[in-house]
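**Q** File data01.cif below, mmCIF, C-alpha atoms:
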data_data
loop_
_atom_site.label_atom_id
_atom_site.label_comp_id
_atom_site.auth_asym_id
_atom_site.auth_seq_id
_atom_site.Cartn_x
_atom_site.Cartn_y
_atom_site.Cartn_z
CA MET A 57 0.00 0.00 0.00
CA ILE A 58 1.07 3.57 -0.65
CA ILE A 59 0.65 6.62 1.60
CA HIS A 60 0.95 10.07 0.08
CA VAL A 61 2.51 12.48 2.57
CA THR A 62 3.01 16.20 2.10
CA ASP A 63 5.78 17.39 4.40
CA GLN A 64 6.04 20.71 6.23
CA ALA A 65 7.85 22.25 3.25
CA GLY A 66 5.01 21.29 0.91
CA GLU A 67 6.86 18.45 -0.83
CA ASN A 68 4.97 15.28 -1.72
CA HIS A 69 6.26 11.82 -0.91
CA ALA A 70 4.75 8.46 -1.90
CA LEU A 71 5.69 6.07 0.91
CA GLU A 72 5.26 2.34 0.86
CA GLY A 73 3.45 1.19 3.98
CA LEU A 74 3.10 -2.28 5.38
CA GLU A 75 -0.17 -3.76 6.61
CA GLY A 76 -0.38 -3.45 10.38
CA TRP A 77 2.23 -0.71 10.70
CA ARG A 78 1.24 2.58 12.23
CA VAL A 79 1.27 5.40 9.71
CA MET A 80 3.62 7.27 12.09
CA GLU A 81 6.10 4.39 11.85
CA VAL A 82 6.01 4.48 8.05
CA ILE A 83 6.64 8.24 7.98
CA ARG A 84 9.46 7.92 10.52
CA ASP A 85 11.00 4.95 8.71
CA TRP A 86 11.16 6.92 5.46
CA GLY A 87 13.02 9.70 7.24
CA LEU A 88 10.51 12.54 6.99
CA ASP A 89 10.46 15.29 9.64
CA ILE A 90 8.36 13.65 12.35
CA LYS A 91 9.36 13.78 16.02
CA ALA A 92 7.04 11.03 17.34
CA GLU A 93 8.78 11.30 20.68
CA CYS A 94 6.67 8.87 22.71
CA GLY A 95 7.03 6.17 20.07
CA GLY A 96 3.33 5.47 19.62
CA ALA A 97 2.14 5.40 23.24
CA MET A 98 -0.35 8.23 22.58
CA SER A 99 1.46 10.23 25.24
CA CYS A 100 2.50 13.18 23.11
CA ALA A 101 1.16 14.74 19.94
CA THR A 102 4.39 15.02 17.99
CA CYS A 103 3.14 12.80 15.14
CA HIS A 104 0.30 15.21 14.34
CA VAL A 105 -1.04 15.08 10.75
CA TYR A 106 -3.92 16.51 8.75
CA VAL A 107 -5.88 13.85 6.91
CA ASP A 108 -7.03 14.78 3.39
CA LYS A 109 -10.78 15.42 3.51
CA ASP A 110 -11.48 12.63 1.00
CA TRP A 111 -9.97 10.14 3.44
CA LEU A 112 -11.57 11.30 6.68
CA ASP A 113 -14.36 8.72 6.60
CA ALA A 114 -12.00 5.84 5.84
CA VAL A 115 -9.66 6.87 8.67
CA GLY A 116 -12.44 7.49 11.18
CA ALA A 117 -12.72 9.86 14.11
CA PRO A 118 -10.08 10.22 16.83
CA SER A 119 -10.68 8.55 20.19
CA ASP A 120 -11.32 10.64 23.31
CA GLU A 121 -7.77 10.01 24.50
CA GLU A 122 -6.41 11.13 21.14
CA GLU A 123 -8.52 14.32 21.33
CA ASP A 124 -7.02 14.95 24.79
CA MET A 125 -3.50 14.65 23.41
CA LEU A 126 -4.33 16.99 20.52
CA ASP A 127 -4.85 19.67 23.20
CA SER A 128 -1.06 19.80 23.49
CA VAL A 129 -0.49 21.28 20.03
CA GLY A 130 -1.54 24.71 18.92
CA ASP A 131 -2.29 23.97 15.27
CA VAL A 132 -5.32 21.67 15.46
CA LYS A 133 -7.80 21.58 12.57
CA SER A 134 -10.99 19.60 12.09
CA ASN A 135 -9.00 16.96 10.17
CA SER A 136 -6.22 16.61 12.75
CA ARG A 137 -5.15 13.11 13.74
CA LEU A 138 -2.21 11.48 15.48
CA SER A 139 -0.55 9.31 12.86
CA CYS A 140 0.43 6.72 15.49
CA GLN A 141 -3.27 5.97 15.85
CA ILE A 142 -3.84 5.18 12.16
CA LEU A 143 -3.03 1.59 11.19
CA CYS A 144 -1.99 0.77 7.64
CA SER A 145 -4.45 -1.49 5.83
CA ASP A 146 -5.56 -2.14 2.26
CA ALA A 147 -8.59 0.04 2.93
CA LEU A 148 -6.20 2.98 3.34
CA ASP A 149 -4.17 2.31 0.18
CA GLY A 150 -3.61 5.74 -1.35
CA LEU A 151 -4.20 7.63 1.92
CA LYS A 152 -3.29 11.31 1.66
CA LEU A 153 -2.13 13.40 4.59
CA THR A 154 -0.03 16.41 5.50
CA LEU A 155 2.52 16.67 8.32
CA ALA A 156 1.62 19.41 10.83
CA ALA A 157 4.21 22.00 11.79
CA SER A 158 3.91 20.74 15.38
CA ALA A 159 5.13 17.27 14.29
CA SER A 160 8.53 18.63 13.25
CA LYS A 161 11.64 17.55 15.17
CA ASP A 162 12.44 21.25 15.59
CA ALA A 163 8.98 22.25 16.89
CA MET B 38 27.63 31.64 46.28
CA SER B 39 27.66 28.43 44.26
CA THR B 40 27.32 25.07 45.97
CA GLU B 41 30.32 22.88 45.13
CA ILE B 42 30.00 19.09 44.98
CA THR B 43 32.81 16.62 44.33
CA THR B 44 32.02 13.08 43.19
CA ASP B 45 33.21 10.16 41.05
CA VAL B 46 30.40 10.26 38.51
CA VAL B 47 27.71 12.73 37.49
CA VAL B 48 24.84 11.13 35.59
CA ILE B 49 22.83 13.61 33.54
CA GLY B 50 19.30 12.25 33.32
CA ALA B 51 17.49 10.06 35.85
CA GLY B 52 15.57 7.93 33.37
CA PRO B 53 15.69 4.12 33.45
CA CYS B 54 19.13 3.80 31.83
CA GLY B 55 20.69 6.47 34.04
CA LEU B 56 19.17 4.87 37.14
CA PHE B 57 20.49 1.43 36.23
CA ALA B 58 23.91 2.96 35.63
CA ALA B 59 23.97 3.85 39.34
CA PHE B 60 23.62 0.13 40.08
CA GLU B 61 26.46 -0.97 37.82
CA LEU B 62 28.66 1.92 39.02
CA GLY B 63 27.73 1.18 42.63
CA LEU B 64 28.89 -2.43 42.35
CA LEU B 65 32.26 -0.97 41.36
CA ASP B 66 32.21 1.42 44.36
CA LEU B 67 31.67 4.55 42.29
CA LYS B 68 29.55 7.29 43.81
CA CYS B 69 26.86 8.91 41.62
CA HIS B 70 25.10 12.23 41.59
CA PHE B 71 22.10 12.65 39.28
CA ILE B 72 21.04 15.89 37.62
CA ASP B 73 17.61 15.99 35.95
CA ILE B 74 15.38 18.75 34.62
CA LEU B 75 12.23 16.97 35.84
CA ASP B 76 11.10 17.03 39.46
CA ARG B 77 11.28 13.25 39.94
CA PRO B 78 13.12 10.18 38.65
CA GLY B 79 11.96 8.10 35.67
CA GLY B 80 12.57 10.34 32.66
CA GLN B 81 10.26 9.50 29.76
CA CYS B 82 8.87 6.57 31.77
CA ALA B 83 7.58 9.00 34.39
CA GLU B 84 6.79 11.99 32.20
CA LEU B 85 5.42 10.45 29.01
CA TYR B 86 3.96 7.09 29.94
CA PRO B 87 3.82 6.33 33.69
CA GLU B 88 0.67 4.24 33.26
CA LYS B 89 1.46 2.60 29.92
CA PRO B 90 2.51 -1.04 29.93
CA ILE B 91 5.99 -1.93 28.65
CA TYR B 92 6.34 -5.50 27.36
CA ASP B 93 10.01 -5.79 26.41
CA ILE B 94 11.88 -5.50 29.70
CA PRO B 95 13.65 -8.84 30.23
CA GLY B 96 12.07 -10.76 33.10
CA PHE B 97 8.93 -8.61 33.20
CA PRO B 98 6.10 -9.84 30.94
CA VAL B 99 4.51 -6.47 31.61
CA VAL B 100 5.54 -3.46 33.70
CA THR B 101 4.39 0.17 33.64
CA GLY B 102 6.79 3.08 33.29
CA GLN B 103 6.15 4.06 36.91
CA GLN B 104 6.62 0.50 38.25
CA LEU B 105 9.89 0.17 36.35
CA THR B 106 11.07 3.48 37.82
CA ASP B 107 10.04 2.46 41.34
CA ASN B 108 11.81 -0.90 40.98
CA LEU B 109 15.00 0.72 39.71
CA MET B 110 14.94 3.20 42.59
CA ALA B 111 14.65 0.28 45.03
CA GLN B 112 17.43 -1.58 43.23
CA ILE B 113 19.91 1.32 43.45
CA ALA B 114 18.94 2.40 46.99
CA PRO B 115 21.87 0.49 48.60
CA PHE B 116 24.28 2.78 46.76
CA ALA B 117 22.55 5.96 47.99
CA PRO B 118 22.92 8.01 44.83
CA GLU B 119 22.11 11.68 45.28
CA PHE B 120 19.49 13.44 43.15
CA HIS B 121 19.41 17.04 42.01
CA PHE B 122 16.06 17.66 40.33
CA ASN B 123 14.57 20.66 38.52
CA ARG B 124 17.86 21.74 37.07
CA MET B 125 19.82 21.60 33.89
CA VAL B 126 23.53 21.31 33.19
CA ASN B 127 24.57 24.44 31.35
CA SER B 128 28.21 23.66 30.71
CA ILE B 129 30.87 20.96 31.01
CA GLN B 130 34.53 21.95 31.09
CA LYS B 131 37.45 19.55 31.04
CA GLN B 132 40.05 20.44 33.65
CA ALA B 133 43.83 20.16 33.37
CA ASP B 134 43.85 17.03 35.55
CA GLY B 135 41.37 15.27 33.24
CA SER B 136 38.39 15.75 35.54
CA PHE B 137 35.29 17.77 34.65
CA LYS B 138 33.61 20.87 36.01
CA LEU B 139 29.85 21.05 35.44
CA GLU B 140 27.70 24.10 36.07
CA THR B 141 23.94 23.90 36.50
CA ASP B 142 21.28 26.56 36.15
CA ALA B 143 20.71 26.19 39.91
CA ASP B 144 24.06 27.74 40.70
CA GLU B 145 25.88 24.50 41.53
CA ILE B 146 29.31 23.37 40.47
CA PHE B 147 30.09 19.66 40.26
CA HIS B 148 33.66 18.38 40.15
CA THR B 149 33.65 14.86 38.77
CA LYS B 150 36.02 12.38 37.19
CA VAL B 151 33.41 10.92 34.86
CA VAL B 152 30.28 12.28 33.18
CA VAL B 153 27.53 9.97 31.97
CA ILE B 154 24.95 11.53 29.66
CA ALA B 155 21.76 9.51 29.93
CA ALA B 156 19.47 12.28 28.79
CA GLY B 157 17.13 10.29 26.51
CA GLY B 158 15.66 12.63 23.92
CA GLY B 159 17.20 15.63 25.63
CA SER B 160 15.69 17.81 28.31
CA PHE B 161 11.97 18.23 28.73
CA GLN B 162 11.04 21.80 27.90
CA PRO B 163 7.73 23.59 27.46
CA LYS B 164 6.20 23.23 24.02
CA ARG B 165 6.26 26.45 22.05
CA PRO B 166 2.99 27.04 20.23
CA PRO B 167 3.24 27.54 16.45
CA VAL B 168 3.04 31.33 16.62
CA GLU B 169 5.36 33.11 14.21
CA ASN B 170 6.91 35.84 16.34
CA ILE B 171 6.53 34.33 19.81
CA GLU B 172 10.28 34.10 20.57
CA ALA B 173 10.52 37.89 20.58
CA PHE B 174 8.17 38.05 23.59
CA GLU B 175 9.38 35.05 25.60
CA ASN B 176 10.43 35.73 29.19
CA LYS B 177 9.29 39.33 28.85
CA SER B 178 5.55 39.02 28.45
CA VAL B 179 5.11 35.42 27.28
CA PHE B 180 5.88 32.80 29.91
CA TYR B 181 5.67 29.00 29.98
CA ALA B 182 5.57 28.81 33.76
CA VAL B 183 4.65 31.13 36.61
CA ARG B 184 7.76 31.77 38.65
CA LYS B 185 6.61 34.93 40.43
CA MET B 186 2.86 35.52 40.80
CA ASP B 187 3.56 39.21 41.17
CA ASP B 188 4.60 39.39 37.50
CA PHE B 189 0.92 38.91 36.72
CA ARG B 190 -0.58 41.41 39.16
CA ASP B 191 -2.79 44.03 37.47
CA GLN B 192 -2.03 42.53 34.07
CA ASP B 193 -4.35 41.45 31.26
CA VAL B 194 -3.56 37.76 31.31
CA VAL B 195 -4.35 35.27 28.54
CA ILE B 196 -3.90 31.60 29.43
CA VAL B 197 -4.01 28.97 26.68
CA GLY B 198 -4.63 25.26 27.21
CA GLY B 199 -7.05 22.75 28.67
CA GLY B 200 -4.94 20.80 31.15
CA ASP B 201 -4.28 21.13 34.86
CA SER B 202 -1.60 23.81 34.47
CA ALA B 203 -3.95 26.05 32.46
CA LEU B 204 -6.85 25.51 34.85
CA ASP B 205 -4.81 25.84 38.06
CA TRP B 206 -3.22 29.11 36.97
CA THR B 207 -6.56 30.44 35.77
CA LEU B 208 -7.92 29.92 39.29
CA ASN B 209 -4.79 31.21 41.01
CA LEU B 210 -4.14 34.30 38.93
CA GLN B 211 -7.72 35.52 38.59
CA PRO B 212 -7.74 37.32 41.96
CA ILE B 213 -4.65 39.39 41.17
CA ALA B 214 -4.93 39.87 37.39
CA ARG B 215 -6.68 42.95 35.97
CA SER B 216 -8.41 40.65 33.50
CA LEU B 217 -8.06 36.99 32.71
CA THR B 218 -9.01 35.13 29.55
CA LEU B 219 -8.75 31.37 29.20
CA VAL B 220 -8.44 30.11 25.62
CA HIS B 221 -8.87 26.47 24.70
CA ARG B 222 -9.58 24.80 21.38
CA ARG B 223 -12.65 22.89 22.61
CA ASP B 224 -15.17 22.84 25.42
CA ALA B 225 -13.64 19.76 27.06
CA PHE B 226 -10.76 19.74 29.51
CA LYS B 227 -8.23 17.18 30.64
CA ALA B 228 -7.99 18.57 34.14
CA ALA B 229 -9.29 17.92 37.65
CA PRO B 230 -13.11 18.17 37.44
CA ALA B 231 -13.21 20.40 40.53
CA SER B 232 -10.96 22.95 38.82
CA VAL B 233 -13.05 22.83 35.65
CA ASN B 234 -16.24 23.43 37.68
CA LYS B 235 -14.65 26.29 39.57
CA MET B 236 -13.47 27.85 36.31
CA LYS B 237 -16.99 27.58 34.85
CA GLU B 238 -18.43 29.26 37.96
CA MET B 239 -15.98 32.12 37.50
CA VAL B 240 -17.10 32.50 33.88
CA MET B 241 -20.75 32.60 35.02
CA GLU B 242 -19.90 35.23 37.64
CA GLY B 243 -18.17 37.31 34.96
CA LYS B 244 -14.80 37.12 36.73
CA ILE B 245 -12.99 35.58 33.77
CA ASN B 246 -13.57 35.10 30.05
CA PHE B 247 -13.47 31.77 28.33
CA LEU B 248 -12.95 31.67 24.56
CA LEU B 249 -13.00 28.67 22.26
CA GLY B 250 -10.16 28.96 19.79
CA GLN B 251 -6.46 28.83 19.09
CA ILE B 252 -3.86 31.57 19.29
CA GLY B 253 -2.49 33.06 16.11
CA LYS B 254 -0.41 36.22 15.82
CA LEU B 255 0.86 38.36 18.70
CA ASP B 256 0.95 42.16 18.57
CA GLY B 257 3.35 44.22 20.60
CA GLU B 258 6.79 45.77 20.64
CA ASN B 259 10.10 45.44 22.47
CA GLY B 260 9.06 42.10 23.91
CA GLN B 261 5.84 43.47 25.36
CA ILE B 262 2.63 42.06 23.87
CA ASN B 263 -0.53 44.14 23.74
CA HIS B 264 -2.92 41.92 21.75
CA VAL B 265 -3.32 38.21 21.10
CA HIS B 266 -5.08 37.21 17.89
CA LEU B 267 -7.32 34.18 18.13
CA THR B 268 -8.76 31.91 15.48
CA THR B 269 -12.21 30.78 16.52
CA ASP B 270 -15.10 28.97 14.84
CA ALA B 271 -16.92 32.32 14.83
CA GLY B 272 -14.04 34.02 13.02
CA ASP B 273 -10.84 35.76 14.05
CA LEU B 274 -10.68 38.14 16.98
CA SER B 275 -8.10 40.04 18.93
CA VAL B 276 -7.91 40.15 22.73
CA PRO B 277 -6.02 42.82 24.71
CA ALA B 278 -3.25 41.08 26.63
CA THR B 279 -0.12 42.08 28.50
CA ARG B 280 0.80 38.56 29.65
CA LEU B 281 0.44 35.28 27.76
CA LEU B 282 0.80 31.85 29.35
CA PRO B 283 0.65 29.00 26.82
CA PHE B 284 0.39 25.56 28.47
CA PHE B 285 0.90 22.88 25.82
CA GLY B 286 2.88 20.42 27.91
CA LEU B 287 6.50 19.40 27.50
CA THR B 288 8.63 18.20 24.64
CA MET B 289 12.20 16.96 24.50
CA LYS B 290 14.92 19.23 23.18
CA LEU B 291 18.60 18.37 22.91
CA GLY B 292 19.34 21.68 24.63
CA PRO B 293 22.81 22.56 25.90
CA VAL B 294 24.17 19.05 25.07
CA ALA B 295 24.61 20.32 21.51
CA ASP B 296 27.14 22.88 22.75
CA TRP B 297 29.44 20.54 24.68
CA GLY B 298 31.77 19.82 21.77
CA LEU B 299 30.72 16.19 21.39
CA GLU B 300 30.54 14.51 18.01
CA LEU B 301 26.85 14.24 17.11
CA ASN B 302 24.76 12.27 14.66
CA ASP B 303 21.37 13.91 14.02
CA ASN B 304 20.52 14.95 17.60
CA THR B 305 22.23 11.93 19.15
CA ILE B 306 25.76 11.51 20.52
CA LYS B 307 28.23 9.21 18.80
CA VAL B 308 29.78 6.55 21.05
CA ASP B 309 31.89 3.44 20.63
CA THR B 310 30.36 0.08 21.47
CA GLU B 311 33.03 -1.16 23.87
CA ARG B 312 32.93 1.68 26.39
CA PHE B 313 29.99 3.83 25.19
CA GLU B 314 32.30 6.78 25.43
CA THR B 315 31.76 9.96 23.42
CA SER B 316 34.37 11.76 21.33
CA VAL B 317 35.56 13.34 24.61
CA PRO B 318 37.33 10.77 26.82
CA GLY B 319 35.67 10.59 30.24
CA ILE B 320 32.25 11.63 28.94
CA PHE B 321 30.01 8.65 28.25
CA ALA B 322 26.54 8.51 26.69
CA ILE B 323 24.03 5.71 27.25
CA GLY B 324 20.39 5.08 26.36
CA ASP B 325 18.28 6.87 23.76
CA ILE B 326 20.66 9.81 23.48
CA ASN B 327 23.56 7.83 22.00
CA TRP B 328 24.16 6.48 18.53
CA TYR B 329 26.33 3.71 17.11
CA PRO B 330 25.87 1.43 14.10
CA GLY B 331 22.91 -0.85 14.80
CA LYS B 332 21.59 1.28 17.69
CA LEU B 333 18.10 0.38 18.88
CA LYS B 334 16.33 2.83 21.17
CA LEU B 335 15.29 0.22 23.70
CA ILE B 336 15.54 0.41 27.48
CA LEU B 337 17.19 -3.01 27.53
CA SER B 338 19.94 -1.76 25.20
CA GLY B 339 20.55 1.12 27.59
CA PHE B 340 20.96 -1.32 30.49
CA HIS B 341 23.65 -3.21 28.57
CA GLU B 342 25.36 0.05 27.67
CA ALA B 343 25.34 1.06 31.37
CA ALA B 344 27.14 -2.13 32.39
CA LEU B 345 29.95 -1.73 29.88
CA MET B 346 30.25 1.99 30.51
CA ALA B 347 30.67 1.31 34.26
CA GLN B 348 33.73 -0.89 33.62
CA ALA B 349 35.36 1.88 31.58
CA ALA B 350 34.39 4.53 34.15
CA LYS B 351 35.98 2.46 36.93
CA ALA B 352 39.28 2.41 35.06
CA ILE B 353 39.21 6.20 34.87
CA VAL B 354 38.25 6.81 38.51
CA SER B 355 40.62 4.14 39.94
CA PRO B 356 43.45 3.83 37.43
CA GLY B 357 45.60 0.76 37.87
CA GLU B 358 43.17 -0.95 40.22
CA ARG B 359 42.46 -4.55 39.25
CA VAL B 360 38.75 -5.12 38.71
CA VAL B 361 37.67 -8.70 39.26
CA PHE B 362 34.53 -9.57 37.37
CA GLN B 363 31.94 -10.91 39.82
CA TYR B 364 28.33 -12.05 39.88
CA THR B 365 25.82 -10.74 42.42
CA THR B 366 24.53 -14.32 42.86
CA SER B 367 27.84 -15.66 44.19
CA SER B 368 30.01 -12.78 45.37
CA THR B 369 29.65 -12.05 49.08
CA LYS B 370 31.58 -8.84 48.46
CA LEU B 371 28.92 -7.61 46.04
CA GLN B 372 26.17 -8.90 48.31
CA LYS B 373 27.59 -6.86 51.20
CA LYS B 374 27.45 -3.74 49.04
CA LEU B 375 23.84 -4.56 48.27
CA GLY B 376 23.14 -5.04 51.99
CA VAL B 377 21.94 -8.63 51.56
CA ALA B 378 24.91 -10.64 52.90
#
What do you get writing this file as structure tokens?
**A**
Amino acid sequence: MIIHVTDQAGENHALEGLEGWRVMEVIRDWGLDIKAECGGAMSCATCHVYVDKDWLDAVGAPSDEEEDMLDSVGDVKSNSRLSCQILCSDALDGLKLTLAASASKDA
Amino acid sequence: MSTEITTDVVVIGAGPCGLFAAFELGLLDLKCHFIDILDRPGGQCAELYPEKPIYDIPGFPVVTGQQLTDNLMAQIAPFAPEFHFNRMVNSIQKQADGSFKLETDADEIFHTKVVVIAAGGGSFQPKRPPVENIEAFENKSVFYAVRKMDDFRDQDVVIVGGGDSALDWTLNLQPIARSLTLVHRRDAFKAAPASVNKMKEMVMEGKINFLLGQIGKLDGENGQINHVHLTTDAGDLSVPATRLLPFFGLTMKLGPVADWGLELNDNTIKVDTERFETSVPGIFAIGDINWYPGKLKLILSGFHEAALMAQAAKAIVSPGERVVFQYTTSSTKLQKKLGVA
């Protein structure tokens, strides 16, 4: 499966994802600018992404705990998600998302 | 006047790997002092995931970050390491005799033969909200913590966030502020329910304002803000403000480590895999902060690194002394140090 990621500089990347991986892990593995400091424990919000509006239904809504963590970034939009909480699957083949400024290693 | 402390080893960072280092160093009779920016031991385990289960610690099918921290503290207790919390090491200077002089932001000077950097992802520092010109106002009219309440007296205070820090300071500063506005992105809070109720009462009584939104641009000059722009569902608005307190939690920054003259590899410190020593002899780095070919950021890797580092540190602190390799299961000497023989 392929995930299309737009980085903070506006560049597009087509990343190969593996079934069962977290989208955050795919982005990190391909070396894009994602801090992901808690490693997927949903204890930070440094893997914050904006999901393309065409993919919002397929990805689903964030959990309450994820909403709580999103409180810790200042650039939340209605399509904000934590990429550690999105699992790669065939249903998400072609998923489009954008890395938030607050996900940067330098943020 | 600075406090001066002399020791064998200073460990920077009291996370799991640093804590276990005190055990391995203790078995070799080396005395440790810890310096950590947090107010308690545990590092990421305590700050990021105290309640989350960890499944890959050898011998523990499952353990939480807090349990692991508590167990490590019990394990190193026989060696009585000393802890210096809420402070950061600003500088490390090598002395003519090969020892090191460390200065903290709490006006202490440590003289030590060995430095162990076990700082994980760096030091935990307040998250800076994504506001373009915010740096220009920091520590003048934008603060990430309240150090002196009096700095907020008779000021127009804007607090941003929905956690306990935001709520607590809303309640505490309201009586002395000229005006107080709490800004949060949604009408739900991750804070003590009693504080949330109290805050809502204050809104009803007209003592404070609550606005749903996120902060955008700041207006002001010479470090002094006068307006905070907010993006809200009902459109953009601007709120008069002379003090801004954003509370978005903590994030890890490499911080002063980057200035200590150590060879780095993308925000981590290069070490060798025999001694886990940095490019400066006598300064070691273990755990998530180090890098070597094949590095895995696992707690168990940090434990291994601590054991090998301790052997090398011993040779520096006690040159020429013969170190006999011993097991805690069979050595009465080690068992005496642990207080069990």
**Q** Residue by residue, what does the PyMOL selection byres ((chain B) within 6 of (chain A)) grab here? Present the result as a tab-separated table (two decimals) with C-alpha atoms, in the frame of the given file.
**A**
chain	number	residue	atom	x	y	z
B	85	LEU	CA	5.42	10.45	29.01
B	166	PRO	CA	2.99	27.04	20.23
B	285	PHE	CA	0.90	22.88	25.82
B	286	GLY	CA	2.88	20.42	27.91
**Q** Translate the PyMOL selection byres ((chain A and resi 144) around 9) into a concrete residue list for this structure, as a PyMOL selection string.
**A** chain A and resi 57+59+73-79+82+142-143+145-149
**Q** Print the selection's residues with C-alpha atoms to a file, as a CSV table (one decimal), in the frame of the given file.
**A**
chain,number,residue,atom,x,y,z
A,57,MET,CA,0.0,0.0,0.0
A,59,ILE,CA,0.6,6.6,1.6
A,73,GLY,CA,3.4,1.2,4.0
A,74,LEU,CA,3.1,-2.3,5.4
A,75,GLU,CA,-0.2,-3.8,6.6
A,76,GLY,CA,-0.4,-3.4,10.4
A,77,TRP,CA,2.2,-0.7,10.7
A,78,ARG,CA,1.2,2.6,12.2
A,79,VAL,CA,1.3,5.4,9.7
A,82,VAL,CA,6.0,4.5,8.0
A,142,ILE,CA,-3.8,5.2,12.2
A,143,LEU,CA,-3.0,1.6,11.2
A,145,SER,CA,-4.4,-1.5,5.8
A,146,ASP,CA,-5.6,-2.1,2.3
A,147,ALA,CA,-8.6,0.0,2.9
A,148,LEU,CA,-6.2,3.0,3.3
A,149,ASP,CA,-4.2,2.3,0.2
**Q** Starting from the displayed file, determine the output of the PyMOL selection byres ((chain B and resi 320) around 10) and express the residue list as number ranges by chain.
**A** B: 46-48, 129, 131, 136-137, 150-154, 299, 308, 313-319, 321-322, 346, 350
**Q** Leaving out B:Thr310 and any residue of its chain fewer than 6 positions from it, which residues lie within 9 Å of it when counting only C-alpha atoms, given as a ChimeraX atom specification?
**A** /B:329-330,342,345
**Q** Work out how far atom CA of B:Arg223 is from atom CA of B:Leu281, in Å to one decimal.
**A**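 One can read the atom CA of B:Leu281 to atom CA of B:Arg223 distance as 18.7 Å.
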**Q** Could you check how far atom CA of B:Asn127 sits from atom CA of B:Val294, in Å to one decimal?
**A** 8.3 Å
**Q** Tell me, in Å to one decimal, how far atom CA of B:Leu64 is from atom CA of B:Leu335.
**A**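 We find that atom CA of B:Leu64 and atom CA of B:Leu335 lie 23.2 Å from each other.
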**Q** List every protein, DNA or RNA residue that has at least one atom no more than 9 Å from (7.6, 7.7, -1.9) in the file's coordinates, counting all atoms listed in the file, and write the result as a ChimeraX atom specification.
**A** /A:58-61,68-72,86
**Q** Mind checking which residues fall within 8 Å of stretch 169-177 of chain B, counting only C-alpha atoms, ignoring those fewer than 3 positions away in the same chain, and posting them as an NGL selection string?
**A** :B and (180 or 254-255 or 259-262)
